[in-house]
file upload-v1.txt (compact mmCIF, C-alpha atoms and all ligand atoms)
# COMPACT_ATOMS: atom_id res chain seq x y z
CA MET A 21 98.08 78.41 104.06
CA ILE A 22 101.62 77.36 103.22
CA ARG A 23 103.28 75.42 106.00
CA ILE A 24 107.01 74.83 105.96
CA ASP A 25 107.70 72.02 108.39
CA SER A 26 111.23 71.44 109.62
CA VAL A 27 112.73 71.79 106.15
CA THR A 28 116.44 71.39 105.47
CA LYS A 29 118.21 71.87 102.15
CA ARG A 30 121.66 70.45 101.71
CA TYR A 31 123.15 71.06 98.27
CA PRO A 32 125.22 68.27 96.69
CA ASP A 33 128.47 70.05 97.62
CA GLY A 34 127.48 69.81 101.29
CA THR A 35 126.32 73.43 101.76
CA VAL A 36 123.44 73.59 104.20
CA ALA A 37 121.41 76.43 102.69
CA VAL A 38 118.34 76.00 104.91
CA ASP A 39 118.45 74.36 108.31
CA ARG A 40 115.31 72.89 109.92
CA LEU A 41 113.13 75.82 108.97
CA SER A 42 109.52 75.88 110.14
CA LEU A 43 107.13 78.66 109.14
CA GLU A 44 103.39 79.08 108.80
CA ILE A 45 102.66 81.49 105.98
CA PRO A 46 99.16 82.92 106.37
CA ASP A 47 96.78 83.33 103.42
CA ARG A 48 96.02 86.68 101.86
CA SER A 49 98.93 88.55 103.37
CA ILE A 50 102.55 89.38 102.62
CA THR A 51 105.16 87.25 104.37
CA VAL A 52 108.69 88.54 103.96
CA LEU A 53 111.86 86.45 104.21
CA VAL A 54 114.70 88.81 105.08
CA GLY A 55 118.33 88.33 106.05
CA PRO A 56 121.89 88.84 104.86
CA SER A 57 123.07 87.46 101.54
CA GLY A 58 123.49 83.68 101.51
CA CYS A 59 121.18 82.95 104.46
CA GLY A 60 118.90 80.69 102.39
CA LYS A 61 116.04 83.01 101.37
CA THR A 62 116.03 82.15 97.67
CA THR A 63 116.45 78.46 98.39
CA THR A 64 113.42 78.61 100.71
CA LEU A 65 111.31 80.42 98.13
CA ARG A 66 112.28 77.96 95.42
CA MET A 67 111.39 75.01 97.57
CA ILE A 68 107.84 76.36 97.75
CA ASN A 69 107.37 75.99 93.98
CA ARG A 70 109.66 72.97 93.81
CA MET A 71 112.37 74.55 91.72
CA VAL A 72 114.51 73.17 94.55
CA GLU A 73 113.57 69.99 96.40
CA PRO A 74 114.12 69.84 100.19
CA SER A 75 116.57 67.31 101.60
CA GLU A 76 114.40 66.84 104.69
CA GLY A 77 111.05 68.05 105.96
CA THR A 78 107.79 68.84 104.20
CA ILE A 79 105.98 71.81 102.71
CA LEU A 80 102.18 71.77 102.82
CA LEU A 81 99.88 73.89 100.71
CA ASP A 82 96.39 74.03 102.23
CA GLY A 83 97.23 70.91 104.21
CA VAL A 84 98.48 68.88 101.24
CA ASP A 85 102.14 67.92 100.81
CA ILE A 86 103.34 69.74 97.68
CA GLN A 87 105.25 66.58 96.71
CA GLN A 88 101.89 64.97 96.02
CA GLN A 89 100.95 67.48 93.34
CA PRO A 90 102.20 67.40 89.77
CA VAL A 91 104.87 70.11 89.51
CA ASN A 92 103.09 71.90 86.68
CA THR A 93 99.82 72.16 88.57
CA LEU A 94 101.67 73.46 91.60
CA ARG A 95 103.54 76.11 89.62
CA ARG A 96 100.39 77.30 87.91
CA SER A 97 98.99 78.13 91.31
CA MET A 98 102.08 80.24 92.07
CA GLY A 99 103.17 83.34 90.18
CA TYR A 100 106.91 83.95 90.32
CA VAL A 101 108.64 87.32 90.06
CA ILE A 102 112.41 87.78 90.08
CA GLN A 103 114.91 90.63 90.10
CA ASN A 104 115.22 92.34 86.69
CA ALA A 105 111.81 90.87 85.85
CA GLY A 106 113.25 88.06 83.66
CA LEU A 107 111.11 89.04 80.68
CA PHE A 108 111.28 87.38 77.27
CA GLN A 109 113.27 89.92 75.30
CA HIS A 110 111.93 88.89 71.89
CA ARG A 111 108.28 89.23 72.94
CA THR A 112 106.23 92.40 73.24
CA ILE A 113 105.00 93.52 76.66
CA VAL A 114 101.45 92.34 76.00
CA ASP A 115 102.71 88.93 74.86
CA ASN A 116 105.03 88.65 77.84
CA ILE A 117 102.08 89.16 80.17
CA ALA A 118 99.89 86.80 78.15
CA THR A 119 102.46 83.98 78.29
CA VAL A 120 100.87 81.79 80.97
CA PRO A 121 97.25 82.23 79.80
CA ARG A 122 98.40 81.20 76.32
CA LEU A 123 100.14 78.14 77.77
CA LEU A 124 96.88 77.33 79.51
CA GLY A 125 95.17 77.32 76.12
CA TRP A 126 93.36 80.65 76.24
CA SER A 127 92.62 82.23 72.85
CA LYS A 128 95.01 84.97 71.76
CA GLN A 129 92.25 87.54 72.05
CA LYS A 130 91.23 86.54 75.55
CA ALA A 131 94.86 86.36 76.73
CA ARG A 132 95.60 89.81 75.34
CA ALA A 133 92.47 91.27 76.90
CA ARG A 134 93.61 89.86 80.23
CA ALA A 135 97.09 91.32 79.66
CA ALA A 136 95.60 94.76 78.96
CA GLU A 137 93.55 94.57 82.15
CA LEU A 138 96.65 93.65 84.16
CA MET A 139 98.73 96.43 82.65
CA GLU A 140 96.20 98.87 84.02
CA ARG A 141 96.18 97.13 87.39
CA VAL A 142 99.95 97.41 87.82
CA GLY A 143 100.01 101.01 86.62
CA LEU A 144 101.39 100.60 83.10
CA ASP A 145 100.25 102.85 80.28
CA SER A 146 98.49 100.85 77.57
CA ALA A 147 100.67 102.62 74.99
CA LEU A 148 103.54 100.38 76.15
CA ALA A 149 101.77 97.15 75.13
CA LYS A 150 103.46 96.83 71.75
CA ARG A 151 106.94 97.68 72.97
CA TYR A 152 109.73 95.24 73.72
CA PRO A 153 111.27 94.94 77.20
CA TYR A 154 114.46 96.82 76.26
CA GLN A 155 112.30 99.84 75.42
CA LEU A 156 111.06 100.08 79.01
CA SER A 157 112.68 101.49 82.17
CA GLY A 158 113.74 99.09 84.94
CA GLY A 159 110.72 100.03 87.04
CA GLN A 160 108.32 99.49 84.14
CA GLN A 161 109.88 96.10 83.39
CA GLN A 162 109.38 95.12 87.01
CA ARG A 163 105.69 96.03 86.75
CA VAL A 164 105.45 93.83 83.67
CA GLY A 165 107.03 91.03 85.71
CA VAL A 166 104.34 91.42 88.36
CA ALA A 167 101.56 91.57 85.73
CA ARG A 168 102.90 88.43 84.07
CA ALA A 169 102.96 86.57 87.39
CA LEU A 170 99.34 87.59 88.05
CA ALA A 171 98.08 86.69 84.58
CA ALA A 172 96.54 83.33 85.39
CA ASP A 173 95.22 84.66 88.71
CA PRO A 174 97.26 82.31 90.93
CA PRO A 175 96.41 82.41 94.66
CA VAL A 176 100.11 82.55 95.58
CA LEU A 177 102.78 85.00 94.43
CA LEU A 178 106.46 84.25 95.06
CA MET A 179 108.70 87.30 94.72
CA ASP A 180 112.51 87.10 94.86
CA GLU A 181 114.16 90.50 95.40
CA PRO A 182 111.81 91.92 92.76
CA PHE A 183 112.58 95.59 93.44
CA SER A 184 116.27 95.41 94.32
CA ALA A 185 117.65 96.62 91.01
CA VAL A 186 115.69 99.89 90.74
CA ASP A 187 116.45 103.28 92.25
CA PRO A 188 114.90 104.26 95.62
CA VAL A 189 112.16 106.50 94.23
CA VAL A 190 110.93 103.94 91.69
CA ARG A 191 111.27 101.28 94.34
CA LYS A 192 108.98 103.13 96.73
CA GLY A 193 106.41 103.42 93.92
CA LEU A 194 106.60 99.68 93.24
CA GLN A 195 106.25 98.87 96.94
CA ASP A 196 103.17 101.10 97.28
CA GLU A 197 101.72 99.50 94.17
CA LEU A 198 102.30 96.02 95.57
CA LEU A 199 100.53 96.92 98.81
CA ARG A 200 97.61 98.28 96.81
CA ILE A 201 97.45 95.18 94.58
CA GLN A 202 97.62 92.94 97.62
CA GLU A 203 94.75 94.83 99.23
CA GLU A 204 92.66 94.57 96.07
CA LEU A 205 93.44 90.98 95.10
CA GLY A 206 94.18 89.33 98.46
CA LYS A 207 97.00 87.12 97.17
CA THR A 208 99.22 85.08 99.46
CA ILE A 209 102.59 86.68 98.80
CA VAL A 210 105.98 85.36 99.89
CA PHE A 211 108.54 88.10 99.34
CA VAL A 212 112.33 87.78 99.60
CA THR A 213 114.52 90.80 100.29
CA HIS A 214 117.80 91.64 102.03
CA ASP A 215 116.45 95.11 102.88
CA ILE A 216 114.97 95.30 106.37
CA ASP A 217 113.12 98.57 105.66
CA GLU A 218 111.41 96.95 102.70
CA ALA A 219 110.53 93.97 104.91
CA ILE A 220 109.02 96.21 107.58
CA LYS A 221 107.07 98.25 105.09
CA LEU A 222 105.60 95.32 103.16
CA GLY A 223 105.40 92.44 105.61
CA THR A 224 102.35 91.34 107.52
CA MET A 225 104.75 88.78 108.95
CA VAL A 226 108.54 88.98 108.70
CA ALA A 227 110.90 86.01 108.97
CA VAL A 228 114.43 87.14 109.79
CA MET A 229 116.94 84.49 108.71
CA ARG A 230 120.57 84.20 109.67
CA THR A 231 123.55 82.70 107.88
CA GLY A 232 123.34 78.92 107.89
CA GLY A 233 119.68 79.02 106.86
CA ARG A 234 118.22 79.25 110.34
CA LEU A 235 115.26 81.27 111.46
CA ALA A 236 116.22 84.05 113.86
CA GLN A 237 112.73 85.49 114.46
CA TYR A 238 109.27 85.32 112.92
CA ALA A 239 106.94 88.13 113.93
CA PRO A 240 104.84 91.04 112.69
CA PRO A 241 107.05 94.07 111.92
CA ALA A 242 105.94 96.16 114.91
CA GLU A 243 106.84 93.31 117.23
CA LEU A 244 110.27 92.90 115.61
CA LEU A 245 110.95 96.58 116.24
CA THR A 246 109.78 96.39 119.86
CA SER A 247 111.26 93.08 120.89
CA PRO A 248 114.08 91.78 118.70
CA ALA A 249 114.73 88.19 119.73
CA ASP A 250 118.50 88.51 120.06
CA PRO A 251 121.50 90.75 119.29
CA PHE A 252 121.66 89.47 115.69
CA VAL A 253 118.10 90.63 114.95
CA GLU A 254 118.64 93.86 116.85
CA ASP A 255 121.77 94.58 114.86
CA PHE A 256 120.05 93.66 111.60
CA LEU A 257 117.16 96.03 112.36
CA GLY A 258 119.62 98.91 112.66
CA THR A 259 119.17 102.21 114.46
CA ASP A 260 116.04 104.33 115.09
CA ARG A 261 113.91 101.34 116.04
CA GLY A 262 111.76 103.46 118.36
CA ILE A 263 111.08 106.16 115.80
CA ARG A 264 110.39 103.61 113.07
CA ARG A 265 107.92 101.81 115.29
CA LEU A 266 105.81 104.97 115.46
CA SER A 267 104.82 104.21 111.85
CA PHE A 268 102.54 101.51 113.26
CA PHE A 269 100.56 103.86 115.53
CA PRO A 270 97.76 105.83 113.89
CA SER A 271 97.45 109.58 114.37
CA GLY A 272 93.66 109.39 114.70
CA GLN A 273 93.72 109.48 118.51
CA LEU A 274 95.66 112.74 118.61
CA GLU A 275 93.49 115.48 120.01
CA LEU A 276 93.79 118.43 117.70
CA LEU A 277 93.10 122.03 118.68
CA THR A 278 91.02 124.21 116.42
CA ALA A 279 91.16 127.38 118.54
CA PRO A 280 94.53 128.47 117.09
CA ILE A 281 93.23 128.53 113.51
CA VAL A 282 92.16 131.70 111.75
CA ALA A 283 90.80 131.78 108.22
CA VAL A 284 91.50 134.89 106.19
CA ASP A 285 90.46 136.41 102.94
CA ALA A 286 93.30 136.46 100.41
CA ASP A 287 93.12 140.28 100.27
CA ALA A 288 93.34 140.81 104.02
CA GLU A 289 96.20 143.11 104.88
CA LYS A 290 96.15 142.59 108.58
CA ILE A 291 94.42 140.12 110.84
CA ALA A 292 93.49 141.08 114.35
CA ALA A 293 94.58 138.12 116.48
CA ARG A 294 96.29 137.54 119.77
CA GLY A 295 98.15 134.56 121.17
CA SER A 296 97.55 133.15 124.63
CA ALA A 297 99.32 130.95 127.13
CA GLU A 298 97.67 127.77 125.79
CA VAL A 299 97.81 128.87 122.20
CA PRO A 300 101.09 130.64 121.59
CA HIS A 301 100.85 130.35 117.81
CA LEU A 302 98.08 130.91 115.31
CA LEU A 303 97.77 129.03 112.08
CA VAL A 304 96.39 131.08 109.23
CA THR A 305 94.37 129.37 106.50
CA ASP A 306 92.60 130.65 103.43
CA LEU A 307 88.80 130.72 103.38
CA ASP A 308 88.83 127.21 101.94
CA GLY A 309 90.72 125.91 104.99
CA LYS A 310 94.05 125.34 103.22
CA PRO A 311 97.03 126.28 105.42
CA LEU A 312 98.94 129.48 104.62
CA GLY A 313 101.41 129.69 107.51
CA TRP A 314 101.98 130.48 111.16
CA GLY A 315 101.61 133.95 112.67
CA GLU A 316 104.88 135.46 113.87
CA PRO A 317 105.01 135.55 117.70
CA GLN A 318 105.85 139.27 117.79
CA ASP A 319 102.87 140.00 115.54
CA LEU A 320 100.64 138.08 117.91
CA THR A 321 101.99 140.10 120.81
CA ALA A 322 101.22 143.24 118.87
CA GLY A 323 97.73 141.88 118.24
CA GLU A 324 97.91 141.81 114.45
CA ILE A 325 99.18 139.26 111.95
CA VAL A 326 100.73 140.52 108.76
CA PRO A 327 100.05 137.91 106.03
CA GLU A 328 103.35 138.50 104.21
CA ARG A 329 105.27 137.65 107.34
CA LEU A 330 103.78 134.20 107.98
CA LEU A 331 106.17 131.43 108.92
CA PRO A 332 106.04 128.28 106.74
CA HIS A 333 103.54 125.68 107.95
CA GLY A 334 105.64 122.79 106.67
CA ARG A 335 104.26 119.53 105.32
CA PRO A 336 101.04 118.69 107.16
CA PHE A 337 99.99 115.17 108.22
CA VAL A 338 96.69 113.58 107.27
CA HIS A 339 94.84 113.13 110.56
CA GLY A 340 93.67 109.54 111.01
CA LYS A 341 95.49 108.27 107.92
CA ASP A 342 99.13 109.11 108.57
CA SER A 343 100.98 107.64 111.54
CA LEU A 344 102.26 109.19 114.75
CA ARG A 345 105.67 109.14 113.09
CA ALA A 346 104.39 111.44 110.35
CA ALA A 347 102.76 113.76 112.90
CA LEU A 348 105.94 113.89 114.97
CA ASP A 349 107.99 114.62 111.87
CA CYS A 350 105.70 117.55 111.01
CA ALA A 351 106.03 118.95 114.51
CA VAL A 352 109.80 118.54 114.57
CA LEU A 353 110.16 120.32 111.24
CA SER A 354 107.64 123.06 112.07
CA PRO A 355 109.11 126.47 113.00
CA THR A 356 106.61 126.64 115.88
CA GLY A 357 106.97 123.04 117.09
CA TRP A 358 103.29 122.48 116.25
CA ALA A 359 102.13 120.10 113.55
CA VAL A 360 99.30 120.87 111.15
CA GLY A 361 96.67 118.15 110.69
CA VAL A 362 94.66 118.11 107.47
CA ASP A 363 91.90 115.92 106.03
CA GLY A 364 92.22 113.92 102.81
CA THR A 365 91.54 117.04 100.74
CA GLY A 366 94.26 119.13 102.40
CA ARG A 367 91.92 121.25 104.57
CA VAL A 368 93.17 121.96 108.07
CA VAL A 369 91.32 120.02 110.75
CA GLY A 370 93.46 121.14 113.68
CA VAL A 371 96.94 121.69 115.08
CA VAL A 372 98.84 119.75 117.70
CA SER A 373 101.93 120.46 119.79
CA GLN A 374 105.04 118.31 120.15
CA GLN A 375 104.07 117.83 123.78
CA THR A 376 100.67 116.38 122.94
CA ILE A 377 102.26 114.10 120.34
CA ALA A 378 104.84 112.96 122.91
CA GLU A 379 102.02 112.08 125.32
CA ALA A 380 100.20 110.14 122.60
CA ILE A 381 103.43 108.24 121.87
CA ARG A 382 103.80 107.33 125.54
CA HIS A 383 100.21 106.09 125.66
CA ALA A 384 100.54 104.15 122.43
CA HIS A 385 103.67 102.41 123.69
CA ALA A 386 102.05 101.69 127.04
CA ASP A 387 98.87 100.30 125.46
CA ALA A 388 100.94 98.12 123.16
CA HIS A 389 103.11 96.72 125.94
CA PRO A 390 103.08 92.95 125.50
CA ASP A 391 102.51 92.12 129.19
CA GLY A 392 99.86 94.83 129.72
CA ARG A 393 101.71 96.03 132.83
CA VAL A 394 100.92 99.72 132.43
CA ASP A 395 97.25 99.05 131.73
CA GLU A 396 96.95 97.23 135.05
CA VAL A 397 98.53 100.12 136.90
CA LYS A 398 96.15 102.52 135.16
CA ALA A 399 93.13 100.37 136.02
CA ALA A 400 94.22 100.06 139.68
CA GLY A 401 94.77 103.81 139.90
P1 LIG B 1 120.03 84.05 99.84
O1 LIG B 1 118.86 84.01 98.92
O2 LIG B 1 119.64 84.32 101.26
O3 LIG B 1 121.12 84.96 99.37
P2 LIG B 1 120.55 81.36 98.86
O4 LIG B 1 119.36 80.56 99.19
O5 LIG B 1 120.71 81.83 97.47
O6 LIG B 1 120.65 82.57 99.90
O7 LIG B 1 121.83 80.52 99.25
C1 LIG B 1 122.03 79.94 100.52
C2 LIG B 1 123.35 79.22 100.55
O8 LIG B 1 123.31 78.12 99.64
C3 LIG B 1 124.53 80.06 100.10
O9 LIG B 1 125.64 79.70 100.86
C4 LIG B 1 124.71 79.68 98.65
O10 LIG B 1 126.04 79.83 98.25
C5 LIG B 1 124.33 78.22 98.67
N1 LIG B 1 123.79 77.75 97.38
C6 LIG B 1 122.75 78.27 96.70
N2 LIG B 1 122.51 77.55 95.58
C7 LIG B 1 123.41 76.54 95.60
C8 LIG B 1 123.68 75.46 94.71
N3 LIG B 1 122.95 75.24 93.61
N4 LIG B 1 124.71 74.61 95.03
C9 LIG B 1 125.43 74.81 96.14
N5 LIG B 1 125.22 75.81 97.01
C10 LIG B 1 124.22 76.68 96.74

call {"tool": "encode", "arguments": {"input": "upload-v1.txt", "output": "C-alpha cells"}}
result
Amino acid sequence: MIRIDSVTKRYPDGTVAVDRLSLEIPDRSITVLVGPSGCGKTTTLRMINRMVEPSEGTILLDGVDIQQQPVNTLRRSMGYVIQNAGLFQHRTIVDNIATVPRLLGWSKQKARARAAELMERVGLDSALAKRYPYQLSGGQQQRVGVARALAADPPVLLMDEPFSAVDPVVRKGLQDELLRIQEELGKTIVFVTHDIDEAIKLGTMVAVMRTGGRLAQYAPPAELLTSPADPFVEDFLGTDRGIRRLSFFPSGQLELLTAPIVAVDADAEKIAARGSAEVPHLLVTDLDGKPLGWGEPQDLTAGEIVPERLLPHGRPFVHGKDSLRAALDCAVLSPTGWAVGVDGTGRVVGVVSQQTIAEAIRHAHADAHPDGRVDEVKAAG
C-alpha cells in the first residue's frame, strides 16, 4: 500500500501545489487522481516516485518511508507512463520496451523476448517491433509506453494523463485494455486524469482534487455519483449522475420473460402468433436463437406475423454481464419499449419491459442506500 500522509508541496516560487494531502492507495487496484488543471495531480504523482520531493509530510510504501530508499531502487519498483508516451525516437519499438530490462543488466536476447511478450499483452502486432515511434499511431505509441513501463514487472504503475492525447475511440480501447491488464497482472496503479468519465470508468477509488492542491473527496466511483461531498464535486461530476450510476448495477437480477419469444425457420412466410395483455409484443428469433425483430402489433392482433414486417430489435444487452444502464438504454431505444437480453454468444435469453427495469433500478438504489433505511422498512413490513 502507498500511504500519502499530510503531504504539502510548496514550489520555490511560493506556489502551493499540494496542500496537506492524505490518501491511502490500496494495492492491486486503480486509484485515480482527478481534478481541474493545476490542482496538483502531477505533483502528487511525481512525489510518489520522488521526481518531486515534498515540502512537508511523508509517503510510505508498504509501511516504509520512501525517503529511506535509494531513489533508483524506488523508481525501479514503479513504472511511469506519460502523455504522448515519451518514447525514445531513435530506438525501435522493441528496444524502447526493453530499455529498463537492459539497464537492469538482462541479456539483449532475454530483454527482447520480454519486450515481445509485452507487445502481445498490450495488444500490439509483433510486426511493429522493428519500427520507430514516428511510424506508429498515437494510440499504438501509448501502448508501447505502457509496455515499456511494465517491462521490469514493477508492482506499481504511475500513469500521468496517458490517454489524453488520443481520439475518443482509441482512448476507449486503451482504457479497456488497461482494465484487462490490471485484472490479469494485479498492479497497483495510480492514474492521473482531468476527465471525470475516465476516472469513473477506471477507478477503484477516485480522489477528486480542487485548485490549491486539496482533496475534495476520496471514494469509490459509485459513491461519488450518489453522494458528492460538496457543490464543487457535484459540479465537477456534471449532469446525468443518476443514469451514470446505473453502470454500477448488474443486469443479472432482472427477471426476463421467455414467453414472448418465437423461433422461426428462415423460410417461414407467416407465423401464427397472438399477443396478450401481459405480452403485447413478440420477439422473433431464428432457430439458433439469434434475434430477428419484433412482431408488428397489428400483425399480432390479426394472429399472424409477417417476417418481412418485423420491427428492429435494436442492440441487445448481455444479461448478467452488462449493467442496468445498458439494459435501460436498450429498452429506451427499442421500438416496443422492451429490451432484448442475450447470452455471451448473442442468443436471446429473454425480454424485459421498461417497467420491470424501472422497478429493478428502484430496488438497486434502495438496496444500495448508505443508511439502509429502505431495507429496514421492508423488513418491518
Ligand atoms: P495538475 O497536474 O493538476 O495540472 P500540477 O501538479 O502540474 O497540477 O501543478 C499544480 C500547481 O503547481 C500549478 O499551479 C502549477 O502551475 C504549479 N507548478 C507545477 N510545477 C511547478 C514548478 N516546477 N514550479 C512552480 N510551480 C509549479

call {"tool": "residues_near_ligand", "arguments": {"input": "upload-v1.txt", "ligand": "ligand LIG 1 (chain B)", "cutoff": "10 Å", "atoms": "only C-alpha atoms and all ligand atoms", "output": "ChimeraX atom specification"}}
result
/A:29-38,53-67,72,180-181,212-214,229-233

call {"tool": "residues_around", "arguments": {"input": "upload-v1.txt", "residues": "segment 339-353 of chain A", "least_positions_apart": "4", "cutoff": "6 Å", "atoms": "all atoms listed in the file", "output": "list of chain:residue names"}}
result
A:Leu266, A:Ser267, A:Phe269, A:Pro270, A:Ser271, A:Gly272, A:Gly357, A:Trp358, A:Ala359, A:Gly361, A:Val362, A:Gln374

call {"tool": "write_last_selection", "arguments": {"input": "upload-v1.txt", "atoms": "C-alpha atoms", "output": "compact mmCIF listing (two decimals), in the coordinates of the input"}}
result
# COMPACT_ATOMS: atom_id res chain seq x y z
CA LEU A 266 105.81 104.97 115.46
CA SER A 267 104.82 104.21 111.85
CA PHE A 269 100.56 103.86 115.53
CA PRO A 270 97.76 105.83 113.89
CA SER A 271 97.45 109.58 114.37
CA GLY A 272 93.66 109.39 114.70
CA GLY A 357 106.97 123.04 117.09
CA TRP A 358 103.29 122.48 116.25
CA ALA A 359 102.13 120.10 113.55
CA GLY A 361 96.67 118.15 110.69
CA VAL A 362 94.66 118.11 107.47
CA GLN A 374 105.04 118.31 120.15

call {"tool": "atom_distance", "arguments": {"input": "upload-v1.txt", "atom1": "atom CA of Val326 of chain A", "atom2": "atom CA of Asp308 of chain A"}}
result
19.1 Å

call {"tool": "residues_around", "arguments": {"input": "upload-v1.txt", "residues": "Ile281 of chain A", "least_positions_apart": "3", "cutoff": "7 Å", "atoms": "all atoms listed in the file", "output": "list in words"}}
result
Thr278, Leu302, Leu303 and Val304 of chain A

call {"tool": "residues_around", "arguments": {"input": "upload-v1.txt", "residues": "Thr259 of chain A", "least_positions_apart": "4", "cutoff": "12 Å", "atoms": "all atoms listed in the file", "output": "VMD selection string"}}
result
chain A and resid 216 to 217 245 253 to 255 263 to 265

call {"tool": "residues_near_point", "arguments": {"input": "upload-v1.txt", "point": "(95.0, 124.8, 104.1)", "cutoff": "12 Å", "atoms": "all atoms listed in the file", "output": "VMD selection string"}}
result
chain A and resid 281 to 284 303 to 314 332 to 338 360 to 371

call {"tool": "residues_around", "arguments": {"input": "upload-v1.txt", "residues": "Gly206 of chain A", "least_positions_apart": "6", "cutoff": "9 Å", "atoms": "only C-alpha atoms", "output": "ChimeraX atom specification"}}
result
/A:47-49,175

call {"tool": "atom_distance", "arguments": {"input": "upload-v1.txt", "atom1": "atom CA of Ala147 of chain A", "atom2": "atom CA of Val164 of chain A"}}
result
13.2 Å

call {"tool": "atom_distance", "arguments": {"input": "upload-v1.txt", "atom1": "atom CA of Glu73 of chain A", "atom2": "atom CA of Gln87 of chain A"}}
result
9.0 Å

call {"tool": "closest_residue", "arguments": {"input": "upload-v1.txt", "among": "A:Val372, A:Ala380, A:Ala227, A:Val114", "to": "Pro153 of chain A", "atoms": "all atoms listed in the file"}}
result
A:Val114

call {"tool": "residues_around", "arguments": {"input": "upload-v1.txt", "residues": "segment 130-145 of chain A", "least_positions_apart": "4", "cutoff": "9 Å", "atoms": "only C-alpha atoms", "output": "MDAnalysis selection string"}}
result
chainID A and resid 113:122 126 149 160 163:164 166:168 170:172 194 197:198 201

call {"tool": "write_last_selection", "arguments": {"input": "upload-v1.txt", "atoms": "C-alpha atoms", "output": "PDB file, in the frame of the given file"}}
result
ATOM      1  CA  ILE A 113     105.000  93.520  76.660  1.00  0.00           C
ATOM      2  CA  VAL A 114     101.450  92.340  76.000  1.00  0.00           C
ATOM      3  CA  ASP A 115     102.710  88.930  74.860  1.00  0.00           C
ATOM      4  CA  ASN A 116     105.030  88.650  77.840  1.00  0.00           C
ATOM      5  CA  ILE A 117     102.080  89.160  80.170  1.00  0.00           C
ATOM      6  CA  ALA A 118      99.890  86.800  78.150  1.00  0.00           C
ATOM      7  CA  THR A 119     102.460  83.980  78.290  1.00  0.00           C
ATOM      8  CA  VAL A 120     100.870  81.790  80.970  1.00  0.00           C
ATOM      9  CA  PRO A 121      97.250  82.230  79.800  1.00  0.00           C
ATOM     10  CA  ARG A 122      98.400  81.200  76.320  1.00  0.00           C
ATOM     11  CA  TRP A 126      93.360  80.650  76.240  1.00  0.00           C
ATOM     12  CA  ALA A 149     101.770  97.150  75.130  1.00  0.00           C
ATOM     13  CA  GLN A 160     108.320  99.490  84.140  1.00  0.00           C
ATOM     14  CA  ARG A 163     105.690  96.030  86.750  1.00  0.00           C
ATOM     15  CA  VAL A 164     105.450  93.830  83.670  1.00  0.00           C
ATOM     16  CA  VAL A 166     104.340  91.420  88.360  1.00  0.00           C
ATOM     17  CA  ALA A 167     101.560  91.570  85.730  1.00  0.00           C
ATOM     18  CA  ARG A 168     102.900  88.430  84.070  1.00  0.00           C
ATOM     19  CA  LEU A 170      99.340  87.590  88.050  1.00  0.00           C
ATOM     20  CA  ALA A 171      98.080  86.690  84.580  1.00  0.00           C
ATOM     21  CA  ALA A 172      96.540  83.330  85.390  1.00  0.00           C
ATOM     22  CA  LEU A 194     106.600  99.680  93.240  1.00  0.00           C
ATOM     23  CA  GLU A 197     101.720  99.500  94.170  1.00  0.00           C
ATOM     24  CA  LEU A 198     102.300  96.020  95.570  1.00  0.00           C
ATOM     25  CA  ILE A 201      97.450  95.180  94.580  1.00  0.00           C
TER      26      ILE A 201
END

call {"tool": "closest_residue", "arguments": {"input": "upload-v1.txt", "among": "A:His301, A:Lys207, A:Arg234, A:Lys128", "to": "Ser97 of chain A", "atoms": "all atoms listed in the file"}}
result
A:Lys207
